[in-house]
>>> print(open('model00.tsv').read())   # TSV, C-alpha atoms
chain	number	residue	atom	x	y	z
B	686	MET	CA	35.93	34.89	9.41
B	687	ILE	CA	36.93	32.40	6.68
B	688	ALA	CA	35.19	29.56	8.51
B	689	GLN	CA	32.08	31.66	8.94
B	690	ILE	CA	31.94	32.44	5.24
B	691	LEU	CA	32.49	28.80	4.30
B	692	PHE	CA	29.79	27.61	6.69
B	693	SER	CA	27.45	30.32	5.44
B	694	LEU	CA	27.97	29.17	1.84
B	695	LEU	CA	27.26	25.60	2.85
B	696	LEU	CA	24.11	26.58	4.70
B	697	CYS	CA	22.97	28.73	1.77
B	698	THR	CA	23.38	25.63	-0.37
B	699	VAL	CA	21.07	23.83	2.04
B	700	PHE	CA	18.54	26.64	1.56
B	701	LEU	CA	18.79	26.23	-2.21
B	702	TYR	CA	18.35	22.48	-1.83
B	703	ALA	CA	15.28	23.02	0.36
B	704	TRP	CA	13.75	25.39	-2.20
B	705	ILE	CA	14.29	22.87	-5.00
B	706	GLU	CA	12.82	20.04	-2.92
B	707	TYR	CA	9.76	21.96	-1.72
B	708	ARG	CA	7.50	20.70	-4.48
B	709	ARG	CA	8.38	17.05	-3.81
B	710	SER	CA	8.42	17.12	-0.05
B	711	PRO	CA	7.31	20.28	1.78
B	712	VAL	CA	7.99	18.74	5.20
B	713	VAL	CA	11.62	18.00	4.41
B	714	ALA	CA	12.05	21.41	2.76
B	715	VAL	CA	10.66	23.32	5.72
B	716	LEU	CA	12.72	21.31	8.21
B	717	SER	CA	15.90	21.84	6.17
B	718	SER	CA	15.21	25.56	5.93
B	719	LEU	CA	14.62	25.92	9.65
B	720	VAL	CA	17.76	24.03	10.55
B	721	ALA	CA	19.83	25.97	8.00
B	722	LEU	CA	18.42	29.25	9.29
B	723	ALA	CA	19.35	28.32	12.84
B	724	GLY	CA	22.81	27.31	11.64
B	725	LEU	CA	23.35	30.65	9.85
B	726	TYR	CA	22.25	32.56	12.91
B	727	PHE	CA	24.63	30.74	15.21
B	728	VAL	CA	27.53	30.92	12.76
B	729	TRP	CA	27.31	34.72	12.76
B	730	VAL	CA	26.25	35.18	16.39
B	731	PRO	CA	28.30	32.47	18.10
B	732	SER	CA	27.89	34.00	21.55
B	733	HIS	CA	24.18	33.26	21.38
B	734	SER	CA	24.93	29.70	20.38
B	735	THR	CA	27.10	29.33	23.46
B	736	ARG	CA	24.36	30.72	25.69
B	737	LEU	CA	21.74	28.54	24.07
B	738	ALA	CA	24.07	25.54	24.26
B	739	GLU	CA	24.58	26.12	27.96
B	740	PHE	CA	20.84	26.53	28.38
B	741	VAL	CA	20.05	23.17	26.76
B	742	GLY	CA	23.01	21.47	28.45
B	743	ILE	CA	25.30	20.91	25.47
B	744	GLY	CA	28.27	22.86	26.80
B	745	ARG	CA	29.91	24.74	23.91
B	746	GLY	CA	28.35	26.71	21.11
B	747	VAL	CA	30.52	25.00	18.54
B	748	ASP	CA	29.03	21.68	19.61
B	749	LEU	CA	25.56	23.09	19.01
B	750	VAL	CA	26.58	24.09	15.48
B	751	LEU	CA	27.96	20.61	14.97
B	752	TYR	CA	24.71	19.06	16.15
B	753	THR	CA	22.81	21.37	13.81
B	754	TRP	CA	24.90	20.09	10.93
B	755	VAL	CA	24.24	16.50	11.92
B	756	GLY	CA	20.54	17.35	11.95
B	757	ILE	CA	20.75	18.71	8.42
B	758	SER	CA	22.57	15.57	7.28
B	759	LEU	CA	19.85	13.35	8.71
B	760	ILE	CA	17.15	15.33	6.95
B	761	VAL	CA	19.02	15.07	3.67
B	762	ILE	CA	19.30	11.30	4.16
B	763	LEU	CA	15.54	11.17	4.79
B	764	ASN	CA	14.96	13.04	1.57
B	765	LEU	CA	17.19	10.63	-0.33
B	766	HIS	CA	15.09	7.80	1.08
B	767	LEU	CA	11.95	9.51	-0.18
B	768	LYS	CA	13.52	9.94	-3.60
B	769	LEU	CA	14.30	6.24	-3.68
B	770	ARG	CA	10.65	5.56	-2.98
B	771	THR	CA	9.70	7.69	-5.95
B	772	GLN	CA	12.12	5.70	-8.10
B	773	LEU	CA	10.54	2.49	-6.84
B	774	GLU	CA	7.11	3.77	-7.81
B	775	MET	CA	8.31	4.40	-11.33
B	776	ILE	CA	9.78	0.90	-11.48
B	777	THR	CA	6.46	-0.46	-10.21
B	778	VAL	CA	4.52	1.35	-12.93
B	779	LEU	CA	6.94	-0.02	-15.52
B	780	ALA	CA	6.76	-3.59	-14.22
B	781	ARG	CA	2.95	-3.45	-14.00
B	782	THR	CA	2.67	-2.15	-17.53
B	783	ILE	CA	4.87	-4.97	-18.81
B	784	ALA	CA	2.90	-7.57	-16.84
B	785	LEU	CA	-0.50	-6.38	-18.04
B	786	ALA	CA	0.60	-6.03	-21.64
B	787	ALA	CA	1.51	-9.70	-21.89
B	788	PRO	CA	-0.38	-12.04	-19.55
B	789	VAL	CA	1.29	-15.41	-19.10
B	790	ALA	CA	-2.07	-17.17	-19.31
B	791	ALA	CA	-5.58	-15.98	-20.11
B	792	PRO	CA	-7.87	-19.00	-20.34
B	793	ALA	CA	-10.72	-18.95	-22.82
B	794	GLY	CA	-14.25	-18.84	-21.53
B	795	GLY	CA	-13.87	-15.74	-19.46
B	796	PRO	CA	-15.28	-12.34	-20.28
B	797	ASP	CA	-14.17	-10.98	-23.60
B	798	HIS	CA	-13.09	-7.62	-22.32
B	799	PRO	CA	-9.60	-7.00	-23.56
B	800	VAL	CA	-6.89	-6.05	-21.16
B	801	ALA	CA	-6.32	-2.34	-21.28
B	802	PRO	CA	-3.44	-1.42	-23.57
B	803	PRO	CA	-0.25	-0.43	-21.84
B	804	VAL	CA	-0.19	3.20	-20.90
B	805	SER	CA	2.74	5.44	-21.57
B	806	LEU	CA	4.87	5.85	-18.50
B	807	PRO	CA	4.26	9.17	-16.82
B	808	LEU	CA	7.31	11.26	-16.04
B	809	ASP	CA	5.66	12.59	-12.91
B	810	VAL	CA	4.42	9.46	-11.22
B	811	SER	CA	2.77	11.19	-8.29
B	812	ALA	CA	0.81	13.59	-10.48
B	813	ALA	CA	-0.34	10.79	-12.74
B	814	ARG	CA	-1.31	8.75	-9.72
B	815	ARG	CA	-3.39	11.52	-8.24
B	816	SER	CA	-5.16	12.28	-11.48
B	817	ALA	CA	-5.87	8.60	-12.15
B	818	LYS	CA	-7.32	8.17	-8.70
B	819	ASN	CA	-9.42	11.29	-8.99
B	820	ARG	CA	-10.79	10.11	-12.32
B	821	ALA	CA	-11.58	6.70	-10.87
B	822	LEU	CA	-13.30	8.24	-7.88
B	823	ALA	CA	-15.33	10.56	-10.02
B	824	ASP	CA	-16.28	7.76	-12.43
B	825	ALA	CA	-17.14	5.37	-9.64
B	826	SER	CA	-19.24	7.61	-7.49
B	827	GLY	CA	-20.58	10.09	-9.95
B	828	ARG	CA	-19.54	12.94	-7.71
B	829	ARG	CA	-16.52	15.10	-7.30
B	830	PRO	CA	-13.42	13.44	-5.82
B	831	ARG	CA	-13.09	13.62	-2.10
B	832	ARG	CA	-10.03	15.22	-0.64
B	833	ARG	CA	-8.38	15.10	2.74
B	834	GLY	CA	-10.33	17.06	5.29
B	835	ASP	CA	-13.39	17.20	3.07
B	836	GLN	CA	-16.35	16.49	5.35
B	837	SER	CA	-19.06	17.03	2.79
B	838	ALA	CA	-19.21	13.51	1.38
B	839	GLU	CA	-21.45	10.80	2.65
B	840	PRO	CA	-20.98	9.91	6.32
B	841	ARG	CA	-18.78	7.08	7.45
B	842	ARG	CA	-20.17	4.07	9.18
Q	501	MET	CA	-23.90	-19.11	-3.46
Q	502	GLU	CA	-23.21	-20.23	-7.00
Q	503	SER	CA	-20.78	-18.13	-8.90
Q	504	ALA	CA	-22.99	-18.41	-11.99
Q	505	GLN	CA	-24.97	-15.67	-10.32
Q	506	HIS	CA	-21.80	-13.58	-10.29
Q	507	PRO	CA	-20.25	-14.02	-13.72
Q	508	SER	CA	-18.04	-11.01	-13.25
Q	509	LEU	CA	-16.57	-12.02	-9.91
Q	510	TRP	CA	-12.78	-12.17	-10.00
Q	511	VAL	CA	-10.53	-13.55	-7.31
Q	512	ILE	CA	-7.07	-12.00	-7.13
Q	513	CYS	CA	-4.18	-14.01	-5.70
Q	514	ALA	CA	-0.82	-12.32	-5.26
Q	515	ALA	CA	1.81	-15.05	-5.25
Q	516	TYR	CA	5.52	-15.11	-4.63
Q	517	ASN	CA	7.17	-18.53	-4.63
Q	518	GLU	CA	3.92	-20.28	-3.79
Q	519	ALA	CA	4.47	-23.39	-5.90
Q	520	THR	CA	3.56	-25.54	-2.90
Q	521	THR	CA	0.03	-24.19	-2.53
Q	522	ILE	CA	-1.01	-22.18	-5.58
Q	523	GLY	CA	-2.21	-25.17	-7.60
Q	524	ARG	CA	-4.59	-26.31	-4.87
Q	525	VAL	CA	-5.84	-22.78	-4.19
Q	526	VAL	CA	-6.57	-22.08	-7.86
Q	527	THR	CA	-8.21	-25.45	-8.34
Q	528	GLU	CA	-10.54	-24.91	-5.37
Q	529	LEU	CA	-11.45	-21.42	-6.55
Q	530	GLY	CA	-12.01	-22.66	-10.08
Q	531	ARG	CA	-14.17	-25.50	-8.81
Q	532	ALA	CA	-16.37	-22.88	-7.16
Q	533	GLY	CA	-16.73	-21.25	-10.57
Q	534	HIS	CA	-14.76	-18.09	-9.89
Q	535	HIS	CA	-12.50	-16.34	-12.34
Q	536	VAL	CA	-9.04	-16.36	-10.84
Q	537	VAL	CA	-6.14	-14.09	-11.68
Q	538	VAL	CA	-2.80	-14.99	-10.14
Q	539	VAL	CA	-0.23	-12.22	-10.08
Q	540	ASP	CA	3.14	-13.92	-9.98
Q	541	ASP	CA	5.38	-11.44	-8.24
Q	542	GLY	CA	8.70	-12.50	-9.73
Q	543	SER	CA	8.69	-16.06	-8.42
Q	544	GLY	CA	11.53	-18.38	-9.28
Q	545	ASP	CA	9.84	-21.67	-8.46
Q	546	GLY	CA	7.42	-22.08	-11.33
Q	547	THR	CA	4.42	-20.60	-9.54
Q	548	ARG	CA	3.12	-19.03	-12.75
Q	549	HIS	CA	3.17	-22.31	-14.67
Q	550	ILE	CA	1.41	-24.22	-11.91
Q	551	ALA	CA	-1.24	-21.50	-11.64
Q	552	ALA	CA	-1.76	-21.45	-15.40
Q	553	ALA	CA	-2.03	-25.23	-15.51
Q	554	ALA	CA	-4.68	-25.05	-12.78
Q	555	GLY	CA	-6.74	-22.74	-14.96
Q	556	ALA	CA	-5.95	-19.27	-13.66
Q	557	HIS	CA	-5.32	-16.13	-15.58
Q	558	VAL	CA	-1.70	-15.31	-14.84
Q	559	VAL	CA	0.13	-12.03	-15.09
Q	560	ALA	CA	3.74	-11.92	-14.01
Q	561	HIS	CA	5.85	-9.11	-12.68
Q	562	PRO	CA	9.32	-9.25	-14.20
Q	563	ILE	CA	10.78	-8.56	-10.75
Q	564	ASN	CA	9.61	-8.99	-7.18
Q	565	LEU	CA	7.78	-5.86	-6.06
Q	566	GLY	CA	5.74	-6.98	-3.09
Q	567	GLN	CA	2.21	-8.09	-2.25
Q	568	GLY	CA	0.71	-4.61	-2.39
Q	569	ALA	CA	2.03	-4.01	-5.90
Q	570	ALA	CA	0.84	-7.45	-7.01
Q	571	LEU	CA	-2.66	-6.84	-5.68
Q	572	GLN	CA	-2.90	-3.53	-7.51
Q	573	THR	CA	-1.79	-5.24	-10.72
Q	574	GLY	CA	-4.46	-7.88	-10.18
Q	575	ILE	CA	-7.08	-5.19	-9.54
Q	576	ASP	CA	-6.11	-3.40	-12.75
Q	577	TYR	CA	-6.30	-6.67	-14.68
Q	578	ALA	CA	-9.68	-7.66	-13.29
Q	579	LEU	CA	-11.18	-4.20	-13.83
Q	580	ALA	CA	-9.94	-4.22	-17.42
Q	581	ARG	CA	-11.69	-7.58	-17.85
Q	582	GLY	CA	-14.97	-6.11	-16.69
Q	583	ALA	CA	-15.04	-7.39	-13.11
Q	584	ASP	CA	-17.98	-6.20	-11.04
Q	585	ILE	CA	-16.82	-7.81	-7.80
Q	586	LEU	CA	-13.19	-8.34	-6.88
Q	587	VAL	CA	-11.96	-10.58	-4.08
Q	588	THR	CA	-8.43	-10.61	-2.70
Q	589	PHE	CA	-7.40	-14.05	-1.53
Q	590	ASP	CA	-4.08	-15.18	-0.06
Q	591	ALA	CA	-2.14	-17.66	-2.14
Q	592	ASP	CA	-0.79	-19.62	0.82
Q	593	GLY	CA	-4.04	-21.49	1.38
Q	594	GLN	CA	-5.02	-20.03	4.75
Q	595	HIS	CA	-8.39	-18.74	3.54
Q	596	ARG	CA	-11.53	-20.72	2.86
Q	597	VAL	CA	-13.20	-20.53	-0.53
Q	598	SER	CA	-16.60	-20.84	1.15
Q	599	ASP	CA	-16.04	-17.53	2.94
Q	600	ILE	CA	-16.23	-15.68	-0.39
Q	601	ALA	CA	-19.97	-16.28	-0.47
Q	602	ARG	CA	-20.30	-14.66	2.97
Q	603	LEU	CA	-18.43	-11.60	1.75
Q	604	LEU	CA	-20.73	-11.33	-1.26
Q	605	ASP	CA	-23.83	-11.69	0.88
Q	606	ALA	CA	-22.57	-8.91	3.14
Q	607	LEU	CA	-21.87	-6.62	0.19
Q	608	ARG	CA	-25.37	-7.11	-1.12
Q	609	GLN	CA	-27.26	-6.96	2.15
Q	610	GLU	CA	-25.37	-3.98	3.54
Q	611	ARG	CA	-25.15	-2.22	0.17
Q	612	ALA	CA	-21.48	-1.81	0.91
Q	613	ASP	CA	-18.54	-1.36	-1.44
Q	614	PHE	CA	-16.03	-3.17	0.76
Q	615	ALA	CA	-16.47	-6.41	2.71
Q	616	LEU	CA	-13.50	-7.05	4.96
Q	617	GLY	CA	-12.84	-10.45	6.47
Q	618	SER	CA	-12.29	-10.63	10.22
Q	619	ARG	CA	-10.66	-13.61	11.85
Q	620	PHE	CA	-11.59	-12.22	15.26
Q	621	LEU	CA	-15.29	-12.15	14.45
Q	622	GLY	CA	-14.88	-15.59	12.92
Q	623	GLN	CA	-12.34	-18.24	13.75
Q	624	THR	CA	-8.61	-18.74	13.71
Q	625	ARG	CA	-6.79	-21.98	14.00
Q	626	ASN	CA	-3.21	-22.28	15.20
Q	627	LEU	CA	-2.73	-18.54	15.56
Q	628	PRO	CA	0.38	-17.97	17.71
Q	629	PRO	CA	-0.30	-15.77	20.78
Q	630	LEU	CA	2.40	-13.26	19.84
Q	631	ARG	CA	0.89	-12.74	16.42
Q	632	ARG	CA	-2.55	-12.37	17.93
Q	633	TRP	CA	-1.20	-9.60	20.17
Q	634	LEU	CA	0.48	-7.92	17.21
Q	635	LEU	CA	-2.71	-8.02	15.15
Q	636	ARG	CA	-4.66	-6.51	18.03
Q	637	ALA	CA	-2.13	-3.69	18.29
Q	638	ALA	CA	-2.41	-3.09	14.53
Q	639	THR	CA	-6.18	-2.88	14.89
Q	640	VAL	CA	-5.89	-0.23	17.58
Q	641	PHE	CA	-3.43	1.69	15.39
Q	642	THR	CA	-5.87	1.52	12.49
Q	643	ARG	CA	-8.72	2.81	14.62
Q	644	LEU	CA	-6.63	5.73	15.77
Q	645	THR	CA	-5.33	6.67	12.32
Q	646	THR	CA	-8.37	6.01	10.14
Q	647	GLY	CA	-11.37	6.11	12.44
Q	648	LEU	CA	-12.55	2.79	11.02
Q	649	ARG	CA	-14.05	0.58	13.69
Q	650	LEU	CA	-12.61	-2.77	12.69
Q	651	THR	CA	-11.69	-5.89	14.61
Q	652	ASP	CA	-9.09	-7.17	12.15
Q	653	SER	CA	-7.01	-4.74	10.14
Q	654	HIS	CA	-4.63	-7.13	8.38
Q	655	ASN	CA	-6.87	-9.74	6.84
Q	656	GLY	CA	-6.08	-10.60	3.23
Q	657	LEU	CA	-9.61	-11.79	2.44
Q	658	ARG	CA	-11.67	-8.87	1.16
Q	659	ALA	CA	-14.35	-8.24	-1.43
Q	660	LEU	CA	-14.65	-4.98	-3.33
Q	661	THR	CA	-17.23	-3.72	-5.73
Q	662	ARG	CA	-16.03	-2.22	-8.99
Q	663	LYS	CA	-16.79	1.19	-7.54
Q	664	GLY	CA	-14.77	0.41	-4.43
Q	665	ALA	CA	-11.82	-0.97	-6.38
Q	666	GLY	CA	-11.76	2.16	-8.50
Q	667	ALA	CA	-11.65	4.33	-5.41
Q	668	ILE	CA	-8.44	2.88	-4.04
Q	669	ARG	CA	-4.95	2.98	-5.46
Q	670	LEU	CA	-2.24	1.06	-3.67
Q	671	ARG	CA	1.12	2.79	-3.48
Q	672	GLN	CA	2.60	0.67	-0.73
Q	673	ASN	CA	4.28	-2.17	-2.56
Q	674	ARG	CA	4.95	-4.33	0.44
Q	675	MET	CA	3.07	-5.31	3.57
Q	676	ALA	CA	1.99	-1.79	4.51
Q	677	HIS	CA	-0.63	-2.08	1.76
Q	678	ALA	CA	-3.01	-3.69	4.26
Q	679	SER	CA	-3.07	-0.50	6.31
Q	680	GLU	CA	-3.08	1.61	3.18
Q	681	ILE	CA	-6.25	-0.04	1.88
Q	682	LEU	CA	-8.01	0.90	5.11
Q	683	HIS	CA	-6.79	4.49	4.84
Q	684	GLU	CA	-8.10	4.62	1.28
Q	685	ILE	CA	-11.43	3.17	2.36
Q	686	ALA	CA	-11.73	5.79	5.07
Q	687	GLN	CA	-10.89	8.56	2.63
Q	688	SER	CA	-13.29	7.32	-0.02
Q	689	GLY	CA	-16.24	7.62	2.35
Q	690	LEU	CA	-17.73	4.47	0.80
Q	691	ARG	CA	-19.56	1.93	2.93
Q	692	TYR	CA	-17.71	-1.03	4.40
Q	693	VAL	CA	-18.70	-4.03	6.43
Q	694	GLU	CA	-16.77	-6.64	8.40
Q	695	VAL	CA	-17.54	-10.29	7.87
Q	696	PRO	CA	-16.56	-13.25	10.07
Q	697	VAL	CA	-14.15	-15.55	8.24
Q	698	THR	CA	-11.96	-18.47	9.17
Q	699	ILE	CA	-8.21	-18.43	8.86
Q	700	GLU	CA	-6.29	-21.61	9.27
Q	701	TYR	CA	-2.63	-21.18	9.95
Q	702	THR	CA	-0.25	-23.89	8.89
Q	703	ALA	CA	3.47	-24.21	9.38
Q	704	TYR	CA	3.81	-23.13	5.75
Q	705	SER	CA	1.64	-20.00	6.05
Q	706	LEU	CA	3.29	-19.02	9.32
Q	707	ALA	CA	6.71	-19.28	7.73
Q	708	LYS	CA	5.55	-17.16	4.78
Q	709	GLY	CA	3.73	-14.63	6.95
Q	710	GLN	CA	4.85	-11.43	8.59
Q	711	ARG	CA	7.32	-11.30	11.43
Q	712	ILE	CA	7.50	-8.98	14.41
Q	713	GLY	CA	10.17	-6.84	12.75
Q	714	ASP	CA	7.88	-6.31	9.75
Q	715	SER	CA	5.57	-4.22	11.92
Q	716	VAL	CA	8.33	-1.64	12.35
Q	717	THR	CA	8.95	-1.60	8.61
Q	718	ILE	CA	5.25	-1.16	7.97
Q	719	LEU	CA	5.10	1.74	10.40
Q	720	LEU	CA	8.10	3.44	8.77
Q	721	ASP	CA	6.62	2.92	5.30
Q	722	LEU	CA	3.37	4.56	6.36
Q	723	ILE	CA	5.18	7.51	7.92
Q	724	ALA	CA	7.42	7.93	4.87
Q	725	GLN	CA	4.38	7.97	2.61
Q	726	GLU	CA	2.93	10.86	4.57
Q	727	LEU	CA	6.12	12.87	4.12
Q	728	TYR	CA	6.17	13.05	0.36
Q	729	ARG	CA	3.66	13.75	-2.36
>>> encode(input="model00.tsv", output="structure tokens")
Amino acid sequence: MIAQILFSLLLCTVFLYAWIEYRRSPVVAVLSSLVALAGLYFVWVPSHSTRLAEFVGIGRGVDLVLYTWVGISLIVILNLHLKLRTQLEMITVLARTIALAAPVAAPAGGPDHPVAPPVSLPLDVSAARRSAKNRALADASGRRPRRRGDQSAEPRR
Amino acid sequence: MESAQHPSLWVICAAYNEATTIGRVVTELGRAGHHVVVVDDGSGDGTRHIAAAAGAHVVAHPINLGQGAALQTGIDYALARGADILVTFDADGQHRVSDIARLLDALRQERADFALGSRFLGQTRNLPPLRRWLLRAATVFTRLTTGLRLTDSHNGLRALTRKGAGAIRLRQNRMAHASEILHEIAQSGLRYVEVPVTIEYTAYSLAKGQRIGDSVTILLDLIAQELYR
């Protein structure tokens, strides 16, 4: 019983983690939730895990629970990778802002348009990115931004 | 085509440790009358100074971020300077300056917003067979994932109108940006055209270019991008 409670607490933590991560990565959140749900079920109904384990050729139910836990760990690692990507995007925005604010060389004789002043770094990079792109699309085409799955825009070649 | 007819044409070169070739590339582009912006992506070999001495506008990343990030920085710079046409051009000297005119002609005649160079419609010199096979596979992958009917999906020579450049935003810092641009083009719904160009591989450009293992990295980068917002 003690082990079941401990495992249940751990799996509930995974649920909480999935809920927190949903906004950033729905795919990872849903996968984590499903795996945690399966883990909870088998922790409290181990006989079913044994039957299912035998059905899929694993052998023992406890092995199935172990595999479930490994699955959760891999998903968490994937999410950490995605978080690192987000960090890299923020670093990219920072580096780009620094680079554009102070060109190494800008020969005379070119157009007189000044380089855009550095923008303040957005806390939510992805939201800023989406809004910037939408603005650019709207400005460029004079129509509403196109979204995934939107078939109403002009046809492709 | 004389560039005087295109005063707002900007050529963007992303460069990382290209001291060997960047001077010649910038000089040739400048001789053709083009505005050139070199984005030095954290080089440690004096690339930025050579490019500046050759007459280019130079912006420098404080750290190495990758070709995709450098191109986006160059696009931002050129747009802020009022560019009407933007051309991406590899800094390793494998492209021909004369092909830029063909891209511009195609943009005008086809009323397109993107002109994409194709080495398979044009010519390649010294292209290793294994790389040819890899590029073909990438083209098939692009057709399946974007619906764009292209013959060359990883060609660094492209021309974009201001409207086209504003419609794309590169998030892939490294080599996956080439696929990402095509995804963005497909999503924008803007017109595109392929143009025959010549790519001349040298021992230098082959050493600097992508390797087989990079294709796996590119694939993983593209998948990872789909998994998070």
>>> atom_distance(input="model00.tsv", atom1="CA of Leu694 (chain B)", atom2="CA of Thr753 (chain B)")
15.2 Å
>>> closest_atom_pairs(input="model00.tsv", of="chain Q", to="chain B", cutoff="8 Å", atoms="all atoms listed in the file", output="CSV")
residue,atom,partner,partner_atom,distance
Q:Ser508,CA,B:Pro796,CA,7.7
Q:His535,CA,B:Gly795,CA,7.3
Q:Arg548,CA,B:Val789,CA,7.5
Q:Ala552,CA,B:Ala790,CA,5.8
Q:Gly555,CA,B:Pro792,CA,6.6
Q:Ala556,CA,B:Pro792,CA,7.0
Q:His557,CA,B:Ala791,CA,4.5
Q:Val558,CA,B:Ala790,CA,4.9
Q:Val559,CA,B:Pro788,CA,4.5
Q:Ala560,CA,B:Ala784,CA,5.3
Q:His561,CA,B:Ala784,CA,5.3
Q:Pro562,CA,B:Ala780,CA,6.2
Q:Ile563,CA,B:Ala780,CA,7.3
Q:Leu565,CA,B:Thr777,CA,6.9
Q:Ala569,CA,B:Thr777,CA,7.1
Q:Thr573,CA,B:Arg781,CA,6.0
Q:Tyr577,CA,B:Val800,CA,6.5
Q:Ala580,CA,B:Val800,CA,5.2
Q:Arg581,CA,B:His798,CA,4.7
Q:Gly582,CA,B:His798,CA,6.1
Q:Leu648,CA,B:Arg842,CA,7.9
Q:Arg662,CA,B:Ala825,CA,7.7
Q:Lys663,CA,B:Ala825,CA,4.7
Q:Gly664,CA,B:Ala825,CA,7.6
Q:Gly666,CA,B:Ala821,CA,5.1
Q:Ala667,CA,B:Leu822,CA,4.9
Q:Ile668,CA,B:Lys818,CA,7.1
Q:Arg669,CA,B:Lys818,CA,6.6
Q:Arg671,CA,B:Glu774,CA,7.5
Q:Ala686,CA,B:Arg841,CA,7.6
Q:Gln687,CA,B:Arg833,CA,7.0
Q:Ser688,CA,B:Arg831,CA,6.6
Q:Gly689,CA,B:Arg841,CA,5.7
Q:Leu690,CA,B:Arg841,CA,7.2
Q:Arg691,CA,B:Arg842,CA,6.6
Q:Tyr692,CA,B:Arg842,CA,7.4
Q:Ala724,CA,B:Leu767,CA,7.0
Q:Leu727,CA,B:Val712,CA,6.3
Q:Tyr728,CA,B:Ser710,CA,4.7
Q:Arg729,CA,B:Arg709,CA,5.9
>>> atom_distance(input="model00.tsv", atom1="CA of Leu725 (chain B)", atom2="CA of Cys697 (chain B)")
8.3 Å
>>> atom_distance(input="model00.tsv", atom1="CA of Leu719 (chain Q)", atom2="CA of Ala676 (chain Q)")
7.5 Å
>>> residues_around(input="model00.tsv", residues="region 701-710 of chain Q", least_positions_apart="4", cutoff="6 Å", atoms="all atoms listed in the file", output="list of chain:residue names")
Q:Asp592, Q:Gln594, Q:Arg625, Q:Asn626
>>> decode(input="model00.tsv", residues="region 623-635 of chain Q", atoms="N, CA and C atoms", output="mmCIF file, in the first residue's frame")
data_model
loop_
_atom_site.group_PDB
_atom_site.id
_atom_site.type_symbol
_atom_site.label_atom_id
_atom_site.label_comp_id
_atom_site.auth_asym_id
_atom_site.auth_seq_id
_atom_site.Cartn_x
_atom_site.Cartn_y
_atom_site.Cartn_z
ATOM 1 N N GLN Q 623 22.810 24.327 -63.512
ATOM 2 C CA GLN Q 623 24.004 23.490 -63.590
ATOM 3 C C GLN Q 623 24.659 23.356 -62.221
ATOM 4 N N THR Q 624 25.308 22.232 -62.033
ATOM 5 C CA THR Q 624 26.187 22.083 -60.874
ATOM 6 C C THR Q 624 27.533 21.594 -61.367
ATOM 7 N N ARG Q 625 28.533 22.030 -60.680
ATOM 8 C CA ARG Q 625 29.871 21.546 -61.026
ATOM 9 C C ARG Q 625 30.498 20.951 -59.784
ATOM 10 N N ASN Q 626 31.016 19.760 -59.945
ATOM 11 C CA ASN Q 626 31.726 19.053 -58.863
ATOM 12 C C ASN Q 626 30.816 18.666 -57.713
ATOM 13 N N LEU Q 627 29.539 18.431 -58.013
ATOM 14 C CA LEU Q 627 28.628 17.992 -56.957
ATOM 15 C C LEU Q 627 28.838 16.495 -56.700
ATOM 16 N N PRO Q 628 29.221 16.121 -55.474
ATOM 17 C CA PRO Q 628 29.431 14.697 -55.176
ATOM 18 C C PRO Q 628 28.120 13.922 -55.315
ATOM 19 N N PRO Q 629 28.180 12.685 -55.809
ATOM 20 C CA PRO Q 629 26.961 11.888 -56.033
ATOM 21 C C PRO Q 629 26.140 11.701 -54.764
ATOM 22 N N LEU Q 630 26.805 11.504 -53.638
ATOM 23 C CA LEU Q 630 26.078 11.266 -52.392
ATOM 24 C C LEU Q 630 25.272 12.498 -52.005
ATOM 25 N N ARG Q 631 25.867 13.655 -52.200
ATOM 26 C CA ARG Q 631 25.150 14.895 -51.880
ATOM 27 C C ARG Q 631 23.989 15.122 -52.846
ATOM 28 N N ARG Q 632 24.192 14.757 -54.095
ATOM 29 C CA ARG Q 632 23.106 14.876 -55.062
ATOM 30 C C ARG Q 632 21.912 14.029 -54.615
ATOM 31 N N TRP Q 633 22.198 12.802 -54.173
ATOM 32 C CA TRP Q 633 21.142 11.901 -53.716
ATOM 33 C C TRP Q 633 20.434 12.489 -52.502
ATOM 34 N N LEU Q 634 21.218 13.063 -51.596
ATOM 35 C CA LEU Q 634 20.652 13.640 -50.375
ATOM 36 C C LEU Q 634 19.748 14.834 -50.704
ATOM 37 N N LEU Q 635 20.190 15.648 -51.649
ATOM 38 C CA LEU Q 635 19.387 16.812 -52.041
ATOM 39 C C LEU Q 635 18.082 16.383 -52.718
#
